[in-house]
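Chemist: Below is the file start_6.cif, with mmCIF, C-alpha atoms, pLDDT in the B column; chains and numbers go by the auth columns.
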```cif
data_run
loop_
_atom_site.group_PDB
_atom_site.id
_atom_site.type_symbol
_atom_site.label_atom_id
_atom_site.label_comp_id
_atom_site.label_asym_id
_atom_site.label_seq_id
_atom_site.Cartn_x
_atom_site.Cartn_y
_atom_site.Cartn_z
_atom_site.B_iso_or_equiv
_atom_site.auth_seq_id
_atom_site.auth_asym_id
ATOM 1 C CA MET A 1 -24.510 52.875 -32.204 45.00 23 P
ATOM 2 C CA PRO A 2 -22.973 49.903 -34.082 47.00 24 P
ATOM 3 C CA THR A 3 -19.225 50.305 -34.764 68.00 25 P
ATOM 4 C CA ARG A 4 -19.566 48.569 -38.141 85.00 26 P
ATOM 5 C CA ILE A 5 -22.328 47.848 -40.593 93.00 27 P
ATOM 6 C CA ILE A 6 -24.533 45.103 -39.145 95.00 28 P
ATOM 7 C CA GLN A 7 -25.655 42.728 -41.879 96.00 29 P
ATOM 8 C CA ILE A 8 -29.234 41.473 -41.767 97.00 30 P
ATOM 9 C CA ALA A 9 -31.242 38.842 -43.634 96.00 31 P
ATOM 10 C CA LEU A 10 -35.054 38.757 -43.809 96.00 32 P
ATOM 11 C CA VAL A 11 -36.910 35.440 -43.864 96.00 33 P
ATOM 12 C CA ASP A 12 -40.630 35.970 -44.446 95.00 34 P
ATOM 13 C CA ASP A 13 -43.034 34.755 -47.130 94.00 35 P
ATOM 14 C CA HIS A 14 -44.806 38.114 -47.491 93.00 36 P
ATOM 15 C CA ARG A 15 -42.976 40.110 -50.160 92.00 37 P
ATOM 16 C CA LEU A 16 -44.744 43.389 -49.338 92.00 38 P
ATOM 17 C CA PHE A 17 -43.887 43.093 -45.639 92.00 39 P
ATOM 18 C CA ARG A 18 -40.242 42.395 -46.515 93.00 40 P
ATOM 19 C CA SER A 19 -40.160 45.437 -48.783 93.00 41 P
ATOM 20 C CA GLY A 20 -41.459 47.696 -46.027 93.00 42 P
ATOM 21 C CA LEU A 21 -38.988 46.237 -43.545 93.00 43 P
ATOM 22 C CA VAL A 22 -36.056 46.816 -45.909 93.00 44 P
ATOM 23 C CA SER A 23 -37.049 50.480 -46.187 93.00 45 P
ATOM 24 C CA LEU A 24 -37.310 50.770 -42.403 94.00 46 P
ATOM 25 C CA ILE A 25 -33.916 49.124 -41.820 94.00 47 P
ATOM 26 C CA ASN A 26 -32.314 51.368 -44.452 90.00 48 P
ATOM 27 C CA SER A 27 -33.537 54.369 -42.439 91.00 49 P
ATOM 28 C CA PHE A 28 -31.503 53.183 -39.433 92.00 50 P
ATOM 29 C CA ILE A 29 -27.803 54.048 -39.253 91.00 51 P
ATOM 30 C CA GLY A 30 -25.366 51.129 -39.252 93.00 52 P
ATOM 31 C CA TYR A 31 -27.536 48.338 -40.697 95.00 53 P
ATOM 32 C CA GLU A 32 -27.981 46.819 -44.142 94.00 54 P
ATOM 33 C CA VAL A 33 -30.066 43.965 -45.565 95.00 55 P
ATOM 34 C CA ILE A 34 -27.811 41.605 -47.514 95.00 56 P
ATOM 35 C CA PHE A 35 -30.516 39.214 -48.735 95.00 57 P
ATOM 36 C CA GLU A 36 -34.123 38.106 -48.375 95.00 58 P
ATOM 37 C CA ALA A 37 -35.748 34.653 -48.370 96.00 59 P
ATOM 38 C CA ALA A 38 -39.377 33.511 -48.483 95.00 60 P
ATOM 39 C CA ASN A 39 -38.813 30.518 -46.150 96.00 61 P
ATOM 40 C CA GLY A 40 -36.145 28.513 -44.369 95.00 62 P
ATOM 41 C CA ASP A 41 -35.402 26.324 -47.379 96.00 63 P
ATOM 42 C CA GLU A 42 -34.569 29.352 -49.510 96.00 64 P
ATOM 43 C CA LEU A 43 -32.464 30.746 -46.659 97.00 65 P
ATOM 44 C CA SER A 44 -30.477 27.495 -46.422 95.00 66 P
ATOM 45 C CA ARG A 45 -29.628 27.771 -50.130 96.00 67 P
ATOM 46 C CA LYS A 46 -28.540 31.413 -49.941 96.00 68 P
ATOM 47 C CA ILE A 47 -26.490 31.354 -46.756 96.00 69 P
ATOM 48 C CA SER A 48 -22.928 29.979 -46.470 94.00 70 P
ATOM 49 C CA PRO A 49 -20.026 30.203 -43.998 93.00 71 P
ATOM 50 C CA LYS A 50 -18.512 32.965 -46.175 93.00 72 P
ATOM 51 C CA PHE A 51 -21.809 34.764 -46.781 95.00 73 P
ATOM 52 C CA LYS A 52 -23.897 35.009 -43.659 95.00 74 P
ATOM 53 C CA PRO A 53 -25.645 37.826 -41.790 96.00 75 P
ATOM 54 C CA ASP A 54 -25.114 38.947 -38.218 96.00 76 P
ATOM 55 C CA ILE A 55 -28.869 38.930 -37.585 97.00 77 P
ATOM 56 C CA ILE A 56 -31.749 37.025 -39.165 97.00 78 P
ATOM 57 C CA LEU A 57 -35.258 38.459 -38.869 97.00 79 P
ATOM 58 C CA LEU A 58 -37.457 35.387 -38.903 95.00 80 P
ATOM 59 C CA ASP A 59 -41.171 34.846 -39.383 93.00 81 P
ATOM 60 C CA ILE A 60 -42.798 31.734 -37.851 91.00 82 P
ATOM 61 C CA ASN A 61 -45.681 30.883 -40.173 91.00 83 P
ATOM 62 C CA MET A 62 -44.112 30.139 -43.598 92.00 84 P
ATOM 63 C CA PRO A 63 -44.605 27.421 -46.247 91.00 85 P
ATOM 64 C CA VAL A 64 -42.060 24.687 -47.095 92.00 86 P
ATOM 65 C CA MET A 65 -39.852 25.285 -44.026 93.00 87 P
ATOM 66 C CA ASP A 66 -41.393 27.341 -41.230 93.00 88 P
ATOM 67 C CA GLY A 67 -39.758 29.515 -38.602 92.00 89 P
ATOM 68 C CA ILE A 68 -39.440 26.811 -35.956 92.00 90 P
ATOM 69 C CA GLU A 69 -37.766 24.406 -38.396 95.00 91 P
ATOM 70 C CA THR A 70 -35.547 27.228 -39.634 96.00 92 P
ATOM 71 C CA ALA A 71 -34.520 28.240 -36.096 94.00 93 P
ATOM 72 C CA GLN A 72 -33.640 24.610 -35.359 93.00 94 P
ATOM 73 C CA TRP A 73 -31.590 24.391 -38.563 95.00 95 P
ATOM 74 C CA LEU A 74 -29.764 27.626 -37.740 95.00 96 P
ATOM 75 C CA HIS A 75 -29.175 26.453 -34.164 92.00 97 P
ATOM 76 C CA ASN A 76 -27.478 23.321 -35.545 93.00 98 P
ATOM 77 C CA ASN A 77 -25.564 24.915 -38.442 95.00 99 P
ATOM 78 C CA TYR A 78 -25.022 28.598 -37.649 95.00 100 P
ATOM 79 C CA PRO A 79 -25.344 29.004 -33.865 93.00 101 P
ATOM 80 C CA ASP A 80 -23.410 32.283 -33.950 94.00 102 P
ATOM 81 C CA ILE A 81 -26.119 34.060 -35.971 95.00 103 P
ATOM 82 C CA CYS A 82 -28.560 36.052 -33.843 95.00 104 P
ATOM 83 C CA ILE A 83 -32.252 35.445 -34.542 95.00 105 P
ATOM 84 C CA ILE A 84 -35.002 37.970 -33.921 95.00 106 P
ATOM 85 C CA VAL A 85 -38.513 36.625 -34.431 93.00 107 P
ATOM 86 C CA LEU A 86 -40.997 38.911 -36.176 91.00 108 P
ATOM 87 C CA SER A 87 -44.386 37.242 -36.003 86.00 109 P
ATOM 88 C CA MET A 88 -48.115 37.738 -35.618 84.00 110 P
ATOM 89 C CA PHE A 89 -48.134 34.953 -33.020 73.00 111 P
ATOM 90 C CA GLU A 90 -48.240 35.605 -29.277 73.00 112 P
ATOM 91 C CA ASP A 91 -49.097 31.911 -28.713 73.00 113 P
ATOM 92 C CA ALA A 92 -47.296 30.571 -25.619 74.00 114 P
ATOM 93 C CA ASP A 93 -46.186 27.262 -27.176 78.00 115 P
ATOM 94 C CA LYS A 94 -44.657 28.940 -30.221 80.00 116 P
ATOM 95 C CA VAL A 95 -43.009 31.651 -28.141 81.00 117 P
ATOM 96 C CA LEU A 96 -41.478 29.163 -25.695 80.00 118 P
ATOM 97 C CA THR A 97 -40.322 26.866 -28.501 82.00 119 P
ATOM 98 C CA MET A 98 -38.473 29.731 -30.166 85.00 120 P
ATOM 99 C CA VAL A 99 -36.964 30.870 -26.859 82.00 121 P
ATOM 100 C CA LYS A 100 -35.698 27.325 -26.208 82.00 122 P
ATOM 101 C CA LEU A 101 -34.085 27.376 -29.654 85.00 123 P
ATOM 102 C CA GLY A 102 -32.069 30.397 -28.557 85.00 124 P
ATOM 103 C CA VAL A 103 -33.664 33.324 -30.368 89.00 125 P
ATOM 104 C CA LYS A 104 -32.264 36.623 -29.121 91.00 126 P
ATOM 105 C CA GLY A 105 -35.358 38.729 -29.650 89.00 127 P
ATOM 106 C CA TYR A 106 -39.082 38.444 -30.248 89.00 128 P
ATOM 107 C CA LEU A 107 -41.359 41.107 -31.690 89.00 129 P
ATOM 108 C CA LEU A 108 -44.910 41.179 -32.944 87.00 130 P
ATOM 109 C CA LYS A 109 -45.301 42.514 -36.481 88.00 131 P
ATOM 110 C CA ASP A 110 -47.416 45.415 -35.281 86.00 132 P
ATOM 111 C CA ALA A 111 -44.602 46.691 -33.036 86.00 133 P
ATOM 112 C CA GLU A 112 -43.620 50.346 -33.341 90.00 134 P
ATOM 113 C CA PRO A 113 -40.504 51.180 -35.429 91.00 135 P
ATOM 114 C CA HIS A 114 -38.674 52.466 -32.332 91.00 136 P
ATOM 115 C CA GLU A 115 -39.274 49.100 -30.605 91.00 137 P
ATOM 116 C CA PHE A 116 -37.804 47.331 -33.638 93.00 138 P
ATOM 117 C CA GLU A 117 -34.724 49.570 -33.631 93.00 139 P
ATOM 118 C CA GLN A 118 -34.306 49.027 -29.883 92.00 140 P
ATOM 119 C CA ALA A 119 -34.464 45.247 -30.409 92.00 141 P
ATOM 120 C CA LEU A 120 -31.721 45.455 -33.046 94.00 142 P
ATOM 121 C CA LYS A 121 -29.504 47.553 -30.769 93.00 143 P
ATOM 122 C CA LYS A 122 -29.990 45.220 -27.798 92.00 144 P
ATOM 123 C CA VAL A 123 -29.150 42.111 -29.805 93.00 145 P
ATOM 124 C CA VAL A 124 -26.099 43.755 -31.414 93.00 146 P
ATOM 125 C CA GLN A 125 -24.859 44.531 -27.885 91.00 147 P
ATOM 126 C CA GLY A 126 -25.171 40.853 -26.951 89.00 148 P
ATOM 127 C CA GLU A 127 -28.375 41.290 -24.950 89.00 149 P
ATOM 128 C CA LEU A 128 -31.828 39.783 -25.298 86.00 150 P
ATOM 129 C CA TYR A 129 -34.961 41.622 -26.331 87.00 151 P
ATOM 130 C CA TYR A 130 -38.058 39.908 -24.953 84.00 152 P
ATOM 131 C CA PRO A 131 -41.198 42.009 -24.535 78.00 153 P
ATOM 132 C CA GLU A 132 -43.486 41.586 -21.539 78.00 154 P
ATOM 133 C CA PHE A 133 -45.672 38.866 -23.072 75.00 155 P
ATOM 134 C CA VAL A 134 -42.618 36.636 -23.721 78.00 156 P
ATOM 135 C CA THR A 135 -41.407 37.076 -20.137 75.00 157 P
ATOM 136 C CA ARG A 136 -44.916 36.275 -18.869 76.00 158 P
ATOM 137 C CA HIS A 137 -45.027 33.028 -20.862 73.00 159 P
ATOM 138 C CA MET A 138 -41.578 32.042 -19.540 70.00 160 P
ATOM 139 C CA ILE A 139 -42.564 32.666 -15.900 68.00 161 P
ATOM 140 C CA ASN A 140 -45.821 30.739 -16.323 71.00 162 P
ATOM 141 C CA SER A 141 -43.922 27.842 -17.865 68.00 163 P
ATOM 142 C CA ILE A 142 -41.425 27.749 -14.979 61.00 164 P
ATOM 143 C CA ASN A 143 -44.261 27.806 -12.451 63.00 165 P
ATOM 144 C CA ARG A 144 -46.100 24.974 -14.253 63.00 166 P
ATOM 145 C CA ASN A 145 -42.941 22.867 -14.370 60.00 167 P
ATOM 146 C CA SER A 146 -42.325 23.451 -10.666 57.00 168 P
ATOM 147 C CA GLU A 147 -45.845 22.336 -9.813 54.00 169 P
ATOM 148 C CA GLN A 148 -45.609 19.194 -11.941 55.00 170 P
ATOM 149 C CA VAL A 149 -42.256 17.910 -10.595 70.00 171 P
ATOM 150 C CA LYS A 150 -42.537 15.144 -8.004 76.00 172 P
ATOM 151 C CA LEU A 151 -39.493 14.469 -5.824 80.00 173 P
ATOM 152 C CA ASN A 152 -38.923 11.361 -3.721 84.00 174 P
ATOM 153 C CA ASN A 153 -37.896 11.532 -0.062 86.00 175 P
ATOM 154 C CA ARG A 154 -34.175 11.056 -0.705 89.00 176 P
ATOM 155 C CA GLU A 155 -34.157 13.736 -3.395 87.00 177 P
ATOM 156 C CA LEU A 156 -35.921 16.099 -0.986 87.00 178 P
ATOM 157 C CA GLU A 157 -33.388 15.291 1.728 89.00 179 P
ATOM 158 C CA PHE A 158 -30.502 15.981 -0.641 91.00 180 P
ATOM 159 C CA LEU A 159 -32.135 19.192 -1.845 87.00 181 P
ATOM 160 C CA LYS A 160 -32.491 20.500 1.706 87.00 182 P
ATOM 161 C CA LEU A 161 -28.833 19.682 2.451 90.00 183 P
ATOM 162 C CA ALA A 162 -27.750 21.329 -0.808 87.00 184 P
ATOM 163 C CA GLY A 163 -29.151 24.545 0.637 83.00 185 P
ATOM 164 C CA THR A 164 -26.609 24.432 3.473 84.00 186 P
ATOM 165 C CA GLU A 165 -22.862 25.148 3.493 84.00 187 P
ATOM 166 C CA LEU A 166 -22.032 21.421 3.460 89.00 188 P
ATOM 167 C CA THR A 167 -19.808 20.145 0.657 91.00 189 P
ATOM 168 C CA TYR A 168 -21.117 17.312 -1.521 91.00 190 P
ATOM 169 C CA LYS A 169 -18.794 14.903 0.363 92.00 191 P
ATOM 170 C CA GLU A 170 -20.200 16.079 3.700 93.00 192 P
ATOM 171 C CA ILE A 171 -23.732 15.685 2.342 92.00 193 P
ATOM 172 C CA ALA A 172 -22.845 12.098 1.350 93.00 194 P
ATOM 173 C CA ASP A 173 -21.570 11.384 4.873 93.00 195 P
ATOM 174 C CA GLN A 174 -24.711 12.850 6.465 92.00 196 P
ATOM 175 C CA MET A 175 -26.987 10.815 4.174 92.00 197 P
ATOM 176 C CA CYS A 176 -24.829 7.689 4.717 92.00 198 P
ATOM 177 C CA ILE A 177 -24.329 7.199 0.997 92.00 199 P
ATOM 178 C CA SER A 178 -21.389 7.367 -1.389 91.00 200 P
ATOM 179 C CA ALA A 179 -20.217 10.535 -3.112 89.00 201 P
ATOM 180 C CA ARG A 180 -21.167 8.927 -6.434 90.00 202 P
ATOM 181 C CA THR A 181 -24.759 8.452 -5.234 92.00 203 P
ATOM 182 C CA VAL A 182 -24.886 12.115 -4.196 91.00 204 P
ATOM 183 C CA ASP A 183 -23.713 13.028 -7.703 90.00 205 P
ATOM 184 C CA GLY A 184 -26.566 10.891 -9.015 89.00 206 P
ATOM 185 C CA TYR A 185 -29.166 12.724 -6.900 90.00 207 P
ATOM 186 C CA ARG A 186 -27.723 16.059 -8.032 90.00 208 P
ATOM 187 C CA ASP A 187 -27.828 15.092 -11.728 89.00 209 P
ATOM 188 C CA GLN A 188 -31.382 13.714 -11.378 87.00 210 P
ATOM 189 C CA LEU A 189 -32.536 16.993 -9.879 88.00 211 P
ATOM 190 C CA PHE A 190 -30.741 18.999 -12.558 87.00 212 P
ATOM 191 C CA GLU A 191 -32.692 17.054 -15.166 84.00 213 P
ATOM 192 C CA LYS A 192 -36.050 17.015 -13.355 82.00 214 P
ATOM 193 C CA LEU A 193 -36.010 20.698 -12.462 82.00 215 P
ATOM 194 C CA GLN A 194 -34.245 21.914 -15.619 79.00 216 P
ATOM 195 C CA ILE A 195 -31.525 23.488 -13.442 81.00 217 P
ATOM 196 C CA LYS A 196 -27.802 23.626 -14.176 79.00 218 P
ATOM 197 C CA SER A 197 -26.120 24.599 -10.899 83.00 219 P
ATOM 198 C CA ARG A 198 -26.189 24.203 -7.127 84.00 220 P
ATOM 199 C CA VAL A 199 -27.262 27.840 -6.878 82.00 221 P
ATOM 200 C CA GLY A 200 -30.304 26.941 -8.991 81.00 222 P
ATOM 201 C CA LEU A 201 -31.103 24.047 -6.656 84.00 223 P
ATOM 202 C CA VAL A 202 -30.891 26.348 -3.639 83.00 224 P
ATOM 203 C CA LEU A 203 -33.169 28.924 -5.272 80.00 225 P
ATOM 204 C CA TYR A 204 -35.689 26.193 -6.087 81.00 226 P
ATOM 205 C CA ALA A 205 -35.545 24.927 -2.479 80.00 227 P
ATOM 206 C CA ILE A 206 -36.097 28.459 -1.107 79.00 228 P
ATOM 207 C CA LYS A 207 -38.969 29.141 -3.528 76.00 229 P
ATOM 208 C CA ASN A 208 -40.697 25.921 -2.450 75.00 230 P
ATOM 209 C CA ASN A 209 -40.063 26.493 1.283 75.00 231 P
ATOM 210 C CA LEU A 210 -37.744 23.493 1.594 73.00 232 P
ATOM 211 C CA VAL A 211 -35.052 25.596 3.260 66.00 233 P
ATOM 212 C CA GLN A 212 -35.289 28.791 5.285 60.00 234 P
ATOM 213 C CA LEU A 213 -32.999 31.817 4.901 53.00 235 P
#
```
Would you mind writing the file out in structure tokens?

Modeler:
Amino acid sequence: MPTRIIQIALVDDHRLFRSGLVSLINSFIGYEVIFEAANGDELSRKISPKFKPDIILLDINMPVMDGIETAQWLHNNYPDICIIVLSMFEDADKVLTMVKLGVKGYLLKDAEPHEFEQALKKVVQGELYYPEFVTRHMINSINRNSEQVKLNNRELEFLKLAGTELTYKEIADQMCISARTVDGYRDQLFEKLQIKSRVGLVLYAIKNNLVQL
């Protein structure tokens, strides 16, 4: 249960859909719609640092400024606002694009009201709400990226050593290279594999049978 009134904005070009959604949200305790917009351009003219919602419910397919452009604009200008996508699209490219832009939830427009309320509660609590089809697209994308990445022999050698208890300095000594070069291999792998930590490198190495537990 929210401890204060959670303010919501709707961004969708279908007036009738927005009207129905306002009625649904008003039936939930602890939420209110503070404004509506037909597209991202209208949203950008209504929102301000002193007048902004906690959550934006965002459609993808809209005229003038669509959902992807709007999510990018919000990511750059109001990164603290939580976005929940409400769309007819289950398309993998669109889903993954929105996930990469940091949306906190994703629902199809034919979702049940209780699913919608659950998504709101999860996002208010600082969690994500991704249904099964979003998770499936994300896993498939990770698997495709893993298959496409080609590593050279020195990168593979570093990756195997990263899966041991050796420090980066000790890895440099074992590979007969400088610590700076080891940092270079690490950063290259971070970029190639879209990984941000040594733990991620180790997990990748285990998954691809480069190191044994």

Chemist: Considering all atoms listed in the file, state which residue in the set P:Val121, P:Gly52, P:Asp35, P:Lys116 is at the smallest distance from His97 of chain P.

Modeler: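 Of the candidates, the smallest distance to His97 of chain P is held by P:Val121.
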
Chemist: Name the residues that the PyMOL selection byres ((chain P and resi 131-135) around 9) pulls out of this structure, and write them as a list in words.

Modeler: Leu46, Leu108, Ser109, Met110, Phe111, Leu129, Leu130, His136, Glu137, Phe138, Glu139 and Gln140 of chain P

Chemist: Using all atoms listed in the file, determine which residues lie at most 12 Å from Trp95 of chain P, disregarding the query and same-chain residues fewer than 2 positions distant; provide the list as a ChimeraX atom specification.

Modeler: /P:62-63,65-66,69,87-93,97-101,103,105,123-124

Chemist: Grab the atom CA of Ala60 of chain P to atom CA of Asp34 of chain P distance for me, in Å with one decimal place.

Modeler: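 Taking atom CA of Ala60 of chain P as the start and atom CA of Asp34 of chain P as the end point, the length is 4.9 Å.
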
Chemist: Please write out, as AutoDock Vina command-line options, where the centre of an axis-aligned box around all listed atoms of segment 197-211 of chain P lies and how long its edges are, in Å to one decimal, after adding 8 Å on each side.

Modeler:
```
--center_x -26.4 --center_y 12.1 --center_z -3.5 --size_x 28.3 --size_y 25.8 --size_z 32.4
```

Chemist: Spell out the residues picked by the PyMOL selection byres ((chain P and resi 144-149) around 12) here, as a VMD selection string.

Modeler: chain P and resid 23 to 30 52 to 53 75 to 79 102 to 107 125 to 128 137 to 143 150 to 152

Chemist: With C-alpha atoms retained, write the just-selected residues as a short mmCIF file (atom, residue, chain, number, x, y, z; two decimals), in the frame of the given file.

Modeler:
```
data_model
loop_
_atom_site.label_atom_id
_atom_site.label_comp_id
_atom_site.auth_asym_id
_atom_site.auth_seq_id
_atom_site.Cartn_x
_atom_site.Cartn_y
_atom_site.Cartn_z
CA MET P 23 -24.51 52.88 -32.20
CA PRO P 24 -22.97 49.90 -34.08
CA THR P 25 -19.23 50.30 -34.76
CA ARG P 26 -19.57 48.57 -38.14
CA ILE P 27 -22.33 47.85 -40.59
CA ILE P 28 -24.53 45.10 -39.15
CA GLN P 29 -25.66 42.73 -41.88
CA ILE P 30 -29.23 41.47 -41.77
CA GLY P 52 -25.37 51.13 -39.25
CA TYR P 53 -27.54 48.34 -40.70
CA PRO P 75 -25.64 37.83 -41.79
CA ASP P 76 -25.11 38.95 -38.22
CA ILE P 77 -28.87 38.93 -37.58
CA ILE P 78 -31.75 37.02 -39.16
CA LEU P 79 -35.26 38.46 -38.87
CA ASP P 102 -23.41 32.28 -33.95
CA ILE P 103 -26.12 34.06 -35.97
CA CYS P 104 -28.56 36.05 -33.84
CA ILE P 105 -32.25 35.44 -34.54
CA ILE P 106 -35.00 37.97 -33.92
CA VAL P 107 -38.51 36.62 -34.43
CA VAL P 125 -33.66 33.32 -30.37
CA LYS P 126 -32.26 36.62 -29.12
CA GLY P 127 -35.36 38.73 -29.65
CA TYR P 128 -39.08 38.44 -30.25
CA GLU P 137 -39.27 49.10 -30.60
CA PHE P 138 -37.80 47.33 -33.64
CA GLU P 139 -34.72 49.57 -33.63
CA GLN P 140 -34.31 49.03 -29.88
CA ALA P 141 -34.46 45.25 -30.41
CA LEU P 142 -31.72 45.46 -33.05
CA LYS P 143 -29.50 47.55 -30.77
CA LEU P 150 -31.83 39.78 -25.30
CA TYR P 151 -34.96 41.62 -26.33
CA TYR P 152 -38.06 39.91 -24.95
#
```

Chemist: At what distance in Å, to one decimal, does atom CA of Thr119 of chain P lie from atom CA of Leu32 of chain P?

Modeler: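 These atoms are spaced 20.1 Å apart.
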
Chemist: Can you pull out every residue within 10 Å of Lys191 of chain P, counting all atoms listed in the file, but drop anything in the same chain fewer than 4 positions away, and send it as a tab-separated table (two decimals) with C-alpha atoms, in the coordinates of the input?

Modeler:
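The new file part_6.tsv reads:
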```
chain	number	residue	atom	x	y	z
P	195	ASP	CA	-21.57	11.38	4.87
P	196	GLN	CA	-24.71	12.85	6.46
P	197	MET	CA	-26.99	10.82	4.17
P	199	ILE	CA	-24.33	7.20	1.00
P	200	SER	CA	-21.39	7.37	-1.39
P	201	ALA	CA	-20.22	10.54	-3.11
P	202	ARG	CA	-21.17	8.93	-6.43
P	204	VAL	CA	-24.89	12.12	-4.20
P	205	ASP	CA	-23.71	13.03	-7.70
```

Chemist: Nearest to Leu178 of chain P among P:Gln210, P:Ile47, P:Cys198, P:Leu232, with distances taken over all atoms listed in the file: which residue is it?

Modeler: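 Counting all atoms listed in the file, the residue closest to Leu178 of chain P is P:Leu232.
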
Chemist: If the PyMOL selection byres ((chain P and resi 214) around 10) were run on this exact file, what residues would it hold? Put them as a PDB file with C-alpha atoms, keeping the file's coordinate frame.

Modeler:
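See expr-v6.pdb below for the written result:
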```
ATOM      1  CA  ASN P 167     -42.941  22.867 -14.370  1.00 60.00           C
ATOM      2  CA  SER P 168     -42.325  23.451 -10.666  1.00 57.00           C
ATOM      3  CA  GLN P 170     -45.609  19.194 -11.941  1.00 55.00           C
ATOM      4  CA  VAL P 171     -42.256  17.910 -10.595  1.00 70.00           C
ATOM      5  CA  LYS P 172     -42.537  15.144  -8.004  1.00 76.00           C
ATOM      6  CA  LEU P 173     -39.493  14.469  -5.824  1.00 80.00           C
ATOM      7  CA  ARG P 208     -27.723  16.059  -8.032  1.00 90.00           C
ATOM      8  CA  ASP P 209     -27.828  15.092 -11.728  1.00 89.00           C
ATOM      9  CA  GLN P 210     -31.382  13.714 -11.378  1.00 87.00           C
ATOM     10  CA  LEU P 211     -32.536  16.993  -9.879  1.00 88.00           C
ATOM     11  CA  PHE P 212     -30.741  18.999 -12.558  1.00 87.00           C
ATOM     12  CA  GLU P 213     -32.692  17.054 -15.166  1.00 84.00           C
ATOM     13  CA  LEU P 215     -36.010  20.698 -12.462  1.00 82.00           C
ATOM     14  CA  GLN P 216     -34.245  21.914 -15.619  1.00 79.00           C
ATOM     15  CA  ILE P 217     -31.525  23.488 -13.442  1.00 81.00           C
TER      16      ILE P 217
END
```

Chemist: Could you list as a ChimeraX atom specification every residue that has an atom within 9 Å of (-44.4, 32.1, -26.2), using the file's coordinates and counting only C-alpha atoms?

Modeler: /P:111-121,155-160

Chemist: Pick the closest to Ile228 of chain P from P:Leu183, P:Leu188, P:Leu43, P:Ile193: which is it, counting only C-alpha atoms?

Modeler: P:Leu183

Chemist: So how far away is atom CA of Lys74 of chain P from atom CA of Asn61 of chain P, in Å?

Modeler: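 If I compute the distance from atom CA of Asn61 of chain P to atom CA of Lys74 of chain P, I get 15.8 Å.
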
Chemist: Show me, as a list in words, the residues that have an atom within 9 Å of Thr186 of chain P when counting all atoms listed in the file, minus same-chain residues fewer than 3 positions from it.

Modeler: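 Counting all atoms listed in the file, the residues come to Lys182, Leu183, Thr189, Val224 and Val233 of chain P.
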
Chemist: Write the residues you've just listed into a file as a short mmCIF file (atom, residue, chain, number, x, y, z; two decimals), in the coordinates of the input, and include C-alpha atoms for each of them.

Modeler:
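Output below, filename out.cif:
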```cif
data_model
loop_
_atom_site.label_atom_id
_atom_site.label_comp_id
_atom_site.auth_asym_id
_atom_site.auth_seq_id
_atom_site.Cartn_x
_atom_site.Cartn_y
_atom_site.Cartn_z
CA LYS P 182 -32.49 20.50 1.71
CA LEU P 183 -28.83 19.68 2.45
CA THR P 189 -19.81 20.14 0.66
CA VAL P 224 -30.89 26.35 -3.64
CA VAL P 233 -35.05 25.60 3.26
#
```

Chemist: Determine the nearest neighbour of Arg176 of chain P from the options P:Ser70, P:Asn162, P:Thr203, P:Asn48, counting all atoms listed in the file.

Modeler: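 Going through P:Ser70, P:Asn162, P:Thr203, P:Asn48 one by one, the smallest distance to Arg176 of chain P is for P:Thr203.
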